[in-house]
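Asks: PDB, C-alpha atoms, saved as work.pdb, coming up:
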MODEL        1
ATOM      1  CA  MET A   1      94.781 134.569  93.774
ATOM      2  CA  LEU A   2      96.360 133.604  90.461
ATOM      3  CA  ALA A   3      99.694 135.054  91.554
ATOM      4  CA  THR A   4      99.619 132.894  94.688
ATOM      5  CA  ILE A   5      99.048 129.786  92.594
ATOM      6  CA  PHE A   6     102.005 130.655  90.364
ATOM      7  CA  ILE A   7     104.216 131.296  93.400
ATOM      8  CA  VAL A   8     103.295 127.935  94.926
ATOM      9  CA  LEU A   9     103.861 126.102  91.621
ATOM     10  CA  PHE A  10     107.207 127.812  91.051
ATOM     11  CA  CYS A  11     108.310 127.063  94.608
ATOM     12  CA  GLY A  12     107.107 123.487  94.164
ATOM     13  CA  ALA A  13     109.456 123.124  91.200
ATOM     14  CA  ILE A  14     112.291 124.564  93.287
ATOM     15  CA  GLY A  15     111.441 122.150  96.126
ATOM     16  CA  ALA A  16     111.585 119.219  93.709
ATOM     17  CA  TYR A  17     114.974 120.434  92.512
ATOM     18  CA  ILE A  18     116.227 120.698  96.103
ATOM     19  CA  ARG A  19     115.143 117.110  96.733
ATOM     20  CA  HIS A  20     116.696 116.014  93.422
ATOM     21  CA  GLU A  21     120.031 117.527  94.425
ATOM     22  CA  ALA A  22     119.807 115.934  97.876
ATOM     23  CA  ARG A  23     119.385 112.426  96.455
ATOM     24  CA  GLU A  24     123.141 111.797  96.586
ATOM     25  CA  SER A  25     123.271 112.417 100.324
ATOM     26  CA  ARG A  26     122.736 109.704 102.907
ATOM     27  CA  ARG A  27     119.420 111.171 104.056
ATOM     28  CA  PRO A  28     117.567 112.900 101.210
ATOM     29  CA  TRP A  29     114.312 112.847 103.192
ATOM     30  CA  LEU A  30     115.902 115.325 105.605
ATOM     31  CA  ALA A  31     115.475 118.105 103.027
ATOM     32  CA  THR A  32     111.744 117.406 102.890
ATOM     33  CA  ALA A  33     111.482 117.202 106.669
ATOM     34  CA  ALA A  34     113.244 120.542 107.147
ATOM     35  CA  LEU A  35     111.004 122.306 104.618
ATOM     36  CA  ALA A  36     107.901 120.752 106.165
ATOM     37  CA  ALA A  37     109.034 121.812 109.651
ATOM     38  CA  VAL A  38     109.420 125.432 108.539
ATOM     39  CA  PHE A  39     106.003 125.277 106.871
ATOM     40  CA  LEU A  40     104.437 123.859 110.030
ATOM     41  CA  ALA A  41     106.092 126.492 112.212
ATOM     42  CA  LEU A  42     104.790 129.280 109.980
ATOM     43  CA  THR A  43     101.334 127.714 110.024
ATOM     44  CA  LEU A  44     101.228 127.575 113.811
ATOM     45  CA  LEU A  45     102.880 130.952 114.486
ATOM     46  CA  LYS A  46     101.114 133.069 111.847
ATOM     47  CA  PRO A  47      99.370 136.011 113.480
ATOM     48  CA  PRO A  48      96.071 136.955 111.843
ATOM     49  CA  GLY A  49      96.317 139.620 109.169
ATOM     50  CA  GLN A  50     100.066 139.420 108.584
ATOM     51  CA  GLU A  51     100.744 139.386 104.859
ATOM     52  CA  LEU A  52     104.459 138.622 105.142
ATOM     53  CA  PHE A  53     103.748 135.416 107.042
ATOM     54  CA  GLY A  54     101.164 134.525 104.407
ATOM     55  CA  ILE A  55     103.676 134.960 101.614
ATOM     56  CA  LEU A  56     106.357 132.987 103.455
ATOM     57  CA  TRP A  57     103.740 130.340 104.260
ATOM     58  CA  ALA A  58     102.896 129.945 100.563
ATOM     59  CA  VAL A  59     106.562 129.816  99.568
ATOM     60  CA  THR A  60     107.580 127.217 102.161
ATOM     61  CA  GLY A  61     104.415 125.224 101.491
ATOM     62  CA  GLY A  62     105.278 125.073  97.808
ATOM     63  CA  LEU A  63     108.860 124.063  98.569
ATOM     64  CA  ALA A  64     107.747 121.326 100.956
ATOM     65  CA  ALA A  65     105.052 120.031  98.593
ATOM     66  CA  GLY A  66     107.408 119.899  95.625
ATOM     67  CA  SER A  67     110.039 118.113  97.657
ATOM     68  CA  LEU A  68     107.491 115.636  98.991
ATOM     69  CA  LEU A  69     106.055 114.880  95.550
ATOM     70  CA  TYR A  70     109.507 114.342  94.096
ATOM     71  CA  GLY A  71     110.361 112.062  97.001
ATOM     72  CA  ILE A  72     107.266 109.979  96.314
ATOM     73  CA  ILE A  73     107.558 109.847  92.530
ATOM     74  CA  ALA A  74     111.328 109.532  91.987
ATOM     75  CA  PRO A  75     111.908 106.069  93.551
ATOM     76  CA  LYS A  76     109.126 104.572  91.414
ATOM     77  CA  ARG A  77     110.786 105.765  88.188
ATOM     78  CA  ARG A  78     113.932 103.656  88.647
TER      79      ARG A  78
ENDMDL
END
Is it possible to express this structure as structure tokens?
Replies:
Amino acid sequence: MLATIFIVLFCGAIGAYIRHEARESRRPWLATAALAAVFLALTLLKPPGQELFGILWAVTGGLAAGSLLYGIIAPKRR
């Protein structure tokens, strides 16, 4: 359980970095949308009892959450 929390937090930091690097592009929200789409697909397609899907679900969820939080917080800091 603790390892899962650390994985999600670490991936959240990576997701925030991905969104930070995408800020120079014309559509930085597209990075968040792509990560959220992968997370949603894994959520809907996950067969019960599959650990690999669970790990990928946690990783993409962390990436999407970090990217979303950075997208919400960053414009208010300017």
Asks: Could you pull out every residue with an atom within 7 Å of (113.2, 121.4, 96.6), file coordinates, counting all atoms listed in the file, and send them as a list in words?
Replies: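 These residues have at least one counted atom within 7 Å: Gly12, Ala13, Ile14, Gly15, Ala16, Tyr17, Ile18, Arg19, Leu63, Ala64, Gly66 and Ser67 of chain A.
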Asks: Written as a PDB file with C-alpha atoms, in the coordinates of the input, which residues does the PyMOL selection byres ((chain A and resi 57) around 9) give for the file shown?
Replies:
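After the write, part39.pdb holds the following:
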ATOM      1  CA  VAL A  38     109.420 125.432 108.539  1.00  0.00           C
ATOM      2  CA  PHE A  39     106.003 125.277 106.871  1.00  0.00           C
ATOM      3  CA  LEU A  40     104.437 123.859 110.030  1.00  0.00           C
ATOM      4  CA  LEU A  42     104.790 129.280 109.980  1.00  0.00           C
ATOM      5  CA  THR A  43     101.334 127.714 110.024  1.00  0.00           C
ATOM      6  CA  LYS A  46     101.114 133.069 111.847  1.00  0.00           C
ATOM      7  CA  LEU A  52     104.459 138.622 105.142  1.00  0.00           C
ATOM      8  CA  PHE A  53     103.748 135.416 107.042  1.00  0.00           C
ATOM      9  CA  GLY A  54     101.164 134.525 104.407  1.00  0.00           C
ATOM     10  CA  ILE A  55     103.676 134.960 101.614  1.00  0.00           C
ATOM     11  CA  LEU A  56     106.357 132.987 103.455  1.00  0.00           C
ATOM     12  CA  ALA A  58     102.896 129.945 100.563  1.00  0.00           C
ATOM     13  CA  VAL A  59     106.562 129.816  99.568  1.00  0.00           C
ATOM     14  CA  THR A  60     107.580 127.217 102.161  1.00  0.00           C
ATOM     15  CA  GLY A  61     104.415 125.224 101.491  1.00  0.00           C
ATOM     16  CA  GLY A  62     105.278 125.073  97.808  1.00  0.00           C
TER      17      GLY A  62
END
Asks: State, in Å with one decimal place, the distance from atom CA of Thr4 of chain A to atom CA of Arg23 of chain A.
Replies: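 Atom-to-atom, atom CA of Thr4 of chain A and atom CA of Arg23 of chain A are spaced 28.5 Å apart.
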Asks: Taking all atoms listed in the file into account, which of A:Lys76, A:Phe10, A:Gly71, A:Leu2 comes nearest Ala22 of chain A?
Replies: A:Gly71
Asks: Atom CA of Leu35 of chain A and atom CA of Ile72 of chain A are how many Å apart?
Replies: 15.3 Å
Asks: Quick one, how far is atom CA of Pro47 of chain A from atom CA of Leu30 of chain A?
Replies: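 So the answer is 27.6 Å.
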Asks: Would you compute the box with edges along x, y and z of the file around segment 30-48 of chain A, including every atom the file lists for it and 4 Å extra on each side, and give its centre and edge lengths in Å to one decimal, as JSON?
Replies:
{"center_x": 106.0, "center_y": 126.1, "center_z": 108.7, "size_x": 27.8, "size_y": 29.6, "size_z": 19.6}
Asks: Could N, CA and C atoms be built for segment 3-17 of chain A and written out as a PDB file, in the coordinates of the input?
Replies:
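Everything below was put into rebuild-v5.pdb:
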ATOM      1  N   ALA A   3      98.273 134.873  91.238  1.00  0.00           N
ATOM      2  CA  ALA A   3      99.694 135.054  91.554  1.00  0.00           C
ATOM      3  C   ALA A   3     100.135 134.093  92.642  1.00  0.00           C
ATOM      4  N   THR A   4      99.287 133.836  93.612  1.00  0.00           N
ATOM      5  CA  THR A   4      99.619 132.894  94.688  1.00  0.00           C
ATOM      6  C   THR A   4      99.789 131.485  94.138  1.00  0.00           C
ATOM      7  N   ILE A   5      98.947 131.111  93.208  1.00  0.00           N
ATOM      8  CA  ILE A   5      99.048 129.786  92.594  1.00  0.00           C
ATOM      9  C   ILE A   5     100.363 129.658  91.835  1.00  0.00           C
ATOM     10  N   PHE A   6     100.741 130.692  91.094  1.00  0.00           N
ATOM     11  CA  PHE A   6     102.005 130.655  90.364  1.00  0.00           C
ATOM     12  C   PHE A   6     103.201 130.604  91.312  1.00  0.00           C
ATOM     13  N   ILE A   7     103.133 131.323  92.416  1.00  0.00           N
ATOM     14  CA  ILE A   7     104.216 131.296  93.400  1.00  0.00           C
ATOM     15  C   ILE A   7     104.358 129.894  93.983  1.00  0.00           C
ATOM     16  N   VAL A   8     103.251 129.277  94.341  1.00  0.00           N
ATOM     17  CA  VAL A   8     103.295 127.935  94.926  1.00  0.00           C
ATOM     18  C   VAL A   8     103.806 126.923  93.904  1.00  0.00           C
ATOM     19  N   LEU A   9     103.382 127.028  92.654  1.00  0.00           N
ATOM     20  CA  LEU A   9     103.861 126.102  91.621  1.00  0.00           C
ATOM     21  C   LEU A   9     105.349 126.287  91.350  1.00  0.00           C
ATOM     22  N   PHE A  10     105.788 127.530  91.283  1.00  0.00           N
ATOM     23  CA  PHE A  10     107.207 127.812  91.051  1.00  0.00           C
ATOM     24  C   PHE A  10     108.047 127.298  92.220  1.00  0.00           C
ATOM     25  N   CYS A  11     107.583 127.542  93.429  1.00  0.00           N
ATOM     26  CA  CYS A  11     108.310 127.063  94.608  1.00  0.00           C
ATOM     27  C   CYS A  11     108.254 125.537  94.701  1.00  0.00           C
ATOM     28  N   GLY A  12     107.183 124.948  94.214  1.00  0.00           N
ATOM     29  CA  GLY A  12     107.107 123.487  94.164  1.00  0.00           C
ATOM     30  C   GLY A  12     108.165 122.907  93.246  1.00  0.00           C
ATOM     31  N   ALA A  13     108.403 123.572  92.111  1.00  0.00           N
ATOM     32  CA  ALA A  13     109.456 123.124  91.200  1.00  0.00           C
ATOM     33  C   ALA A  13     110.830 123.283  91.858  1.00  0.00           C
ATOM     34  N   ILE A  14     111.026 124.366  92.585  1.00  0.00           N
ATOM     35  CA  ILE A  14     112.291 124.564  93.287  1.00  0.00           C
ATOM     36  C   ILE A  14     112.463 123.509  94.383  1.00  0.00           C
ATOM     37  N   GLY A  15     111.382 123.190  95.101  1.00  0.00           N
ATOM     38  CA  GLY A  15     111.441 122.150  96.126  1.00  0.00           C
ATOM     39  C   GLY A  15     111.790 120.790  95.543  1.00  0.00           C
ATOM     40  N   ALA A  16     111.247 120.483  94.373  1.00  0.00           N
ATOM     41  CA  ALA A  16     111.585 119.219  93.709  1.00  0.00           C
ATOM     42  C   ALA A  16     113.055 119.207  93.315  1.00  0.00           C
ATOM     43  N   TYR A  17     113.554 120.348  92.869  1.00  0.00           N
ATOM     44  CA  TYR A  17     114.974 120.434  92.512  1.00  0.00           C
ATOM     45  C   TYR A  17     115.863 120.264  93.746  1.00  0.00           C
TER      46      TYR A  17
END
